[in-house]
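Below is one structure, written out as C-alpha cells; the observations come after it.
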Amino acid sequence: MTLETNMLTYPRRRRVDKALRGCTLVATALAIVPLVLIIAYVLIVGGAALNRDFFTQTYRPPVPAGVDPLTGLPIEGMEEGDLSQVQARGGVLHGIVGTLMVTITALLFSLPIGILAGIFLAEYPDTPFNTFIRFCSDVLSGAPSIVIGVVGFTLIVRQTGTYSGIAGAIALTFLMVPTITRTTEEILKLVPNTVREAAMAMGAPMWYSTLTVVVPTALTGIVTGALLAFARGAGETAPLLLTIQGNSNLSFNMLAPLAALPILTYKYIESPFPAENQLAWGTAFVLMMLVLGVNLLVRITTARIKR
Amino acid sequence: MSETRTRSLPLAGGFAATAAARARDHEKPGKAKIEAVNFDFYYGSFKALDRINLAIPEGEVTALIGPSGCGKSTLLRAINRMHDKTPGARAEGLLTIDGESIYGKDADPILLRRRVGMVFQRPNPFARSVFDNVAYGLRVLGERDRRRIKERVEWALRRAALWDEVKDRLNATGTSLSGGQQQRLCIARTIAVEPEVVLMDEPCSALDPISTLKIEELIADLRGTFTIIIVTHNMQQAARVSDYTAFMLMDSRTRAGQMVEFGPTVQLFTNPGDPRTEAYLSGHFG
C-alpha cells in the first residue's frame, strides 16, 4: 500500500478510533458512577450517625423523648413525643468488639492453614493431590456465603446446642482459607525460579529454602492476601447470622452468642425507628472504612517494599 | 591443590576437617576431580547428552564451549544435580566426583551441592541483606556462631573482590547492588562455604565489559583454590580464563550433545585435534 492510499483512509481510522475510545469511556463511567455514589452516600449518611456514643455505648431501646430509655417509664415533668422523634441513644460497641473477636480468631485459624496449603500448591506442583485441592479451594471460595453459614449451623451450632463466637470464627475460616491459599499460591509462583535454584545450589534442603528464601521474598504478597481475607471476613453477614446469632449486649464470651457489625446493619436497617436506621448506616460506614483502611494499608506497605 | 585445601579457615569444624581429609587422600597431581564415563542425559525421551567422556582436573579452570544447544549447560547442571526437579530428566552412565558416583543410589544431592557450588547466568541474590546472602550457605551448614559467620562473610567478600565496595553497606539488600556487584555477591555466597568445585553457567553473559573483566580476574584468583568449571559462549573468554577446554557439539541427526575434544586450552586453541573444533574456533559455524 502506498503512502497516498494509506492517507485516504486516515479520517476513517481516526473516526473509528474515537468512537471506540468513547465506548470504553462510557463503559468505565457506567462502572464507576454507582460505585462512587454508594461510597459517597454511605460516607455522608453513615458519617452523620457517628458520635462518641456510637463507639462507646451498646444497645439501648429506642424510646420517644420524655421516656427513660432504661426503665421505659415516662420521665416526670416531660412531655411524651411520638415514635419518629425517638432519642438517638446507644451505640454499637458490642458489634465492634464481636466483629474483631470473631474475625481475628478466624484469621488465626485460617492463616496457618491457608499459607501452608498455598505453599504446598505452589512448591509441590506435581502432586496428583494438587489439582484436587486447587479445585476444592476454588469451589469453596465461590460458594455462596449462606451455604457456609448453613454448614456452620449444622456442624457446630446444632452439635454444641448454642450459637457462639467460636462457631462464627470457624464459619469465617471456611471462607477465608481458600482466599489465603490462592493468593499465597499465586504470589509464590511469582518468585523467580532462579532464586529457588540459588538456594538449591547452596545445598539447602527444600523446606529450608522455602522458609528462608521463597516465603520471605513473597511476604508482602502473603500479608496482602491475609489482610484482604480479613476485610472480607469482617464484612460477611450470612454465615454469622447462622452461627453467632447476634447479641444486644457487650459480650467477650466466644462460647456464647456475639454481636457483629454486619448483623447490626442487617437488623437496624429494618427497624421502624429512624434512630436505629441511623445506627445501621453508621455500622455500614465503619465496615466500609475497615475495607478501605485495609486496602490503603496494603497499598502503602507494598509501595514501601517495592521502593 | 592440597595447600589450598589445608588453609586454616574457621568453619564448622567437621566440614573443614572432612575437606582436608579428602584432600590428603588424593594427593596425586593432575588428579581428575569430576569424571564422566559414557555419561548420557535425557529429558524424557530426548537424549540431550550422548556418551560424554571427560576428566576434569582438580584445582584448574575448565571451560565448556560449543554452539547453542550442544548440551554444555546440561552437562554443567548435571554435575550438581540441578535437574533433579525437572520432570523426566534422568542420567545414565557414570558421573563421579572424587570417584564417588553423583547419581549413585545412596548419593545425597544435598551433600553433593555443599561440595559443588554454582554461579548462575543471571545474578540471583536473595532479597536479603548483602551479609545474609553470603552467610546463607554457612547457616545452611548449621553454623550459628556469629563471630565465625562474620569472619567467613568478610573472607568470602574479600575473595570475591567485593569487600571494599560493600563493607559500609552490608545491611543493604543484595538486589540493590549493580549487576556486576550482584554477580560477585553470588560468587562470594558460593565460595563462603568452601565448596570443592564451583560451576559457572555463563556468569558474564548478563554483564557489561568492565564487570566481565572483574569476574575474569576473580576466576584467575580463585584458580587453584577451587576446581572451576565454566560454561561460556565467548571463546576469547574461554581462552583467557581456562586451563583446559572441552568443546561440545550437537549431533546434527540425533540433536544430542557430544564431546568433540578436550585438552589443555592452549593446545585446543592453537592446534586443535578435530577439524570441527578448528572450524568452530575460526568462526565457521556456531
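The way I read the labels, and the way they are meant: chains A, B, ... in the order of the C-alpha cells, residue 1 as the first residue of every chain, and ligand 1 as the first ligand shown, with later ones counted on from there.
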Chain B contacts to chain A at 9 Å (only C-alpha atoms) as a PDB file with C-alpha atoms, in the first residue's frame:
ATOM      1  CA  ASN B  80      25.367 -30.812  40.978  1.00  0.00           C
ATOM      2  CA  ARG B  81      22.071 -32.425  40.041  1.00  0.00           C
ATOM      3  CA  MET B  82      20.200 -29.209  39.350  1.00  0.00           C
ATOM      4  CA  PRO B  87      10.181 -33.796  35.313  1.00  0.00           C
ATOM      5  CA  PRO B 109      22.060 -34.408  46.315  1.00  0.00           C
ATOM      6  CA  ILE B 110      22.123 -32.003  49.237  1.00  0.00           C
ATOM      7  CA  LEU B 111      25.552 -33.169  50.443  1.00  0.00           C
ATOM      8  CA  LEU B 112      26.722 -33.095  46.831  1.00  0.00           C
ATOM      9  CA  ARG B 113      25.650 -29.468  46.395  1.00  0.00           C
ATOM     10  CA  ARG B 114      27.530 -28.497  49.519  1.00  0.00           C
ATOM     11  CA  ARG B 115      30.666 -29.727  47.760  1.00  0.00           C
ATOM     12  CA  VAL B 116      29.735 -28.369  44.351  1.00  0.00           C
ATOM     13  CA  GLY B 117      28.649 -24.718  44.335  1.00  0.00           C
ATOM     14  CA  MET B 118      27.077 -22.942  41.412  1.00  0.00           C
ATOM     15  CA  VAL B 119      27.042 -19.437  39.942  1.00  0.00           C
ATOM     16  CA  PHE B 120      24.225 -18.762  37.502  1.00  0.00           C
ATOM     17  CA  ARG B 122      21.842 -14.096  35.746  1.00  0.00           C
ATOM     18  CA  PRO B 123      22.859 -12.779  39.139  1.00  0.00           C
ATOM     19  CA  ASN B 124      20.310 -14.169  41.580  1.00  0.00           C
ATOM     20  CA  PRO B 125      20.966 -12.756  45.035  1.00  0.00           C
ATOM     21  CA  PHE B 126      18.307 -13.384  47.637  1.00  0.00           C
ATOM     22  CA  ALA B 127      16.082 -10.467  48.615  1.00  0.00           C
ATOM     23  CA  ARG B 128      18.004 -10.119  51.875  1.00  0.00           C
ATOM     24  CA  TYR B 136      23.256 -18.158  53.788  1.00  0.00           C
ATOM     25  CA  GLY B 137      25.322 -21.211  52.932  1.00  0.00           C
ATOM     26  CA  VAL B 140      22.510 -23.948  55.822  1.00  0.00           C
ATOM     27  CA  LEU B 141      25.505 -25.881  57.093  1.00  0.00           C
ATOM     28  CA  CYS B 186      26.695 -14.596  44.185  1.00  0.00           C
ATOM     29  CA  ARG B 189      27.911 -16.598  48.526  1.00  0.00           C
ATOM     30  CA  THR B 190      29.060 -19.703  46.687  1.00  0.00           C
ATOM     31  CA  VAL B 193      31.177 -22.469  52.296  1.00  0.00           C
TER      32      VAL B 193
END
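Residue neighbourhood of segment 33-42 of chain A, excluding near-sequence residues (fewer than 4 positions): Ala29, Gly46, Gly47, Trp281, Ala284 and Phe285 of chain A, at 8 Å, using only C-alpha atoms.
Using only C-alpha atoms, the protein and nucleic acid residues lying no more than 8 Å from Leu138 of chain B, apart from those fewer than 3 places from it along its own chain, are Val134, Ala135, Leu141, Gly142, Glu143, Ile149, Ala192 and Val193 of chain B.
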DSSP strand (DSSP E) selection over segment 23-119 of chain B, as a PyMOL selection string: chain B and resi 32-43+46-57+61-65+89-97+100-101+116-119
Near-segment 257-267 of chain B list (10 Å; only C-alpha atoms; drop same-chain fewer than 3 positions) as a VMD selection string: chain B and resid 40 to 41 47 to 56 61 to 64 66 69 to 72 74 to 75 238 to 252 254 270 to 277
All alpha helix (DSSP H) residues (DSSP, backbone) inside segment 60-249 of chain B, as a ChimeraX atom specification: /B:72-79,109-115,130-140,146-159,163-166,179-191,209-222,235-241
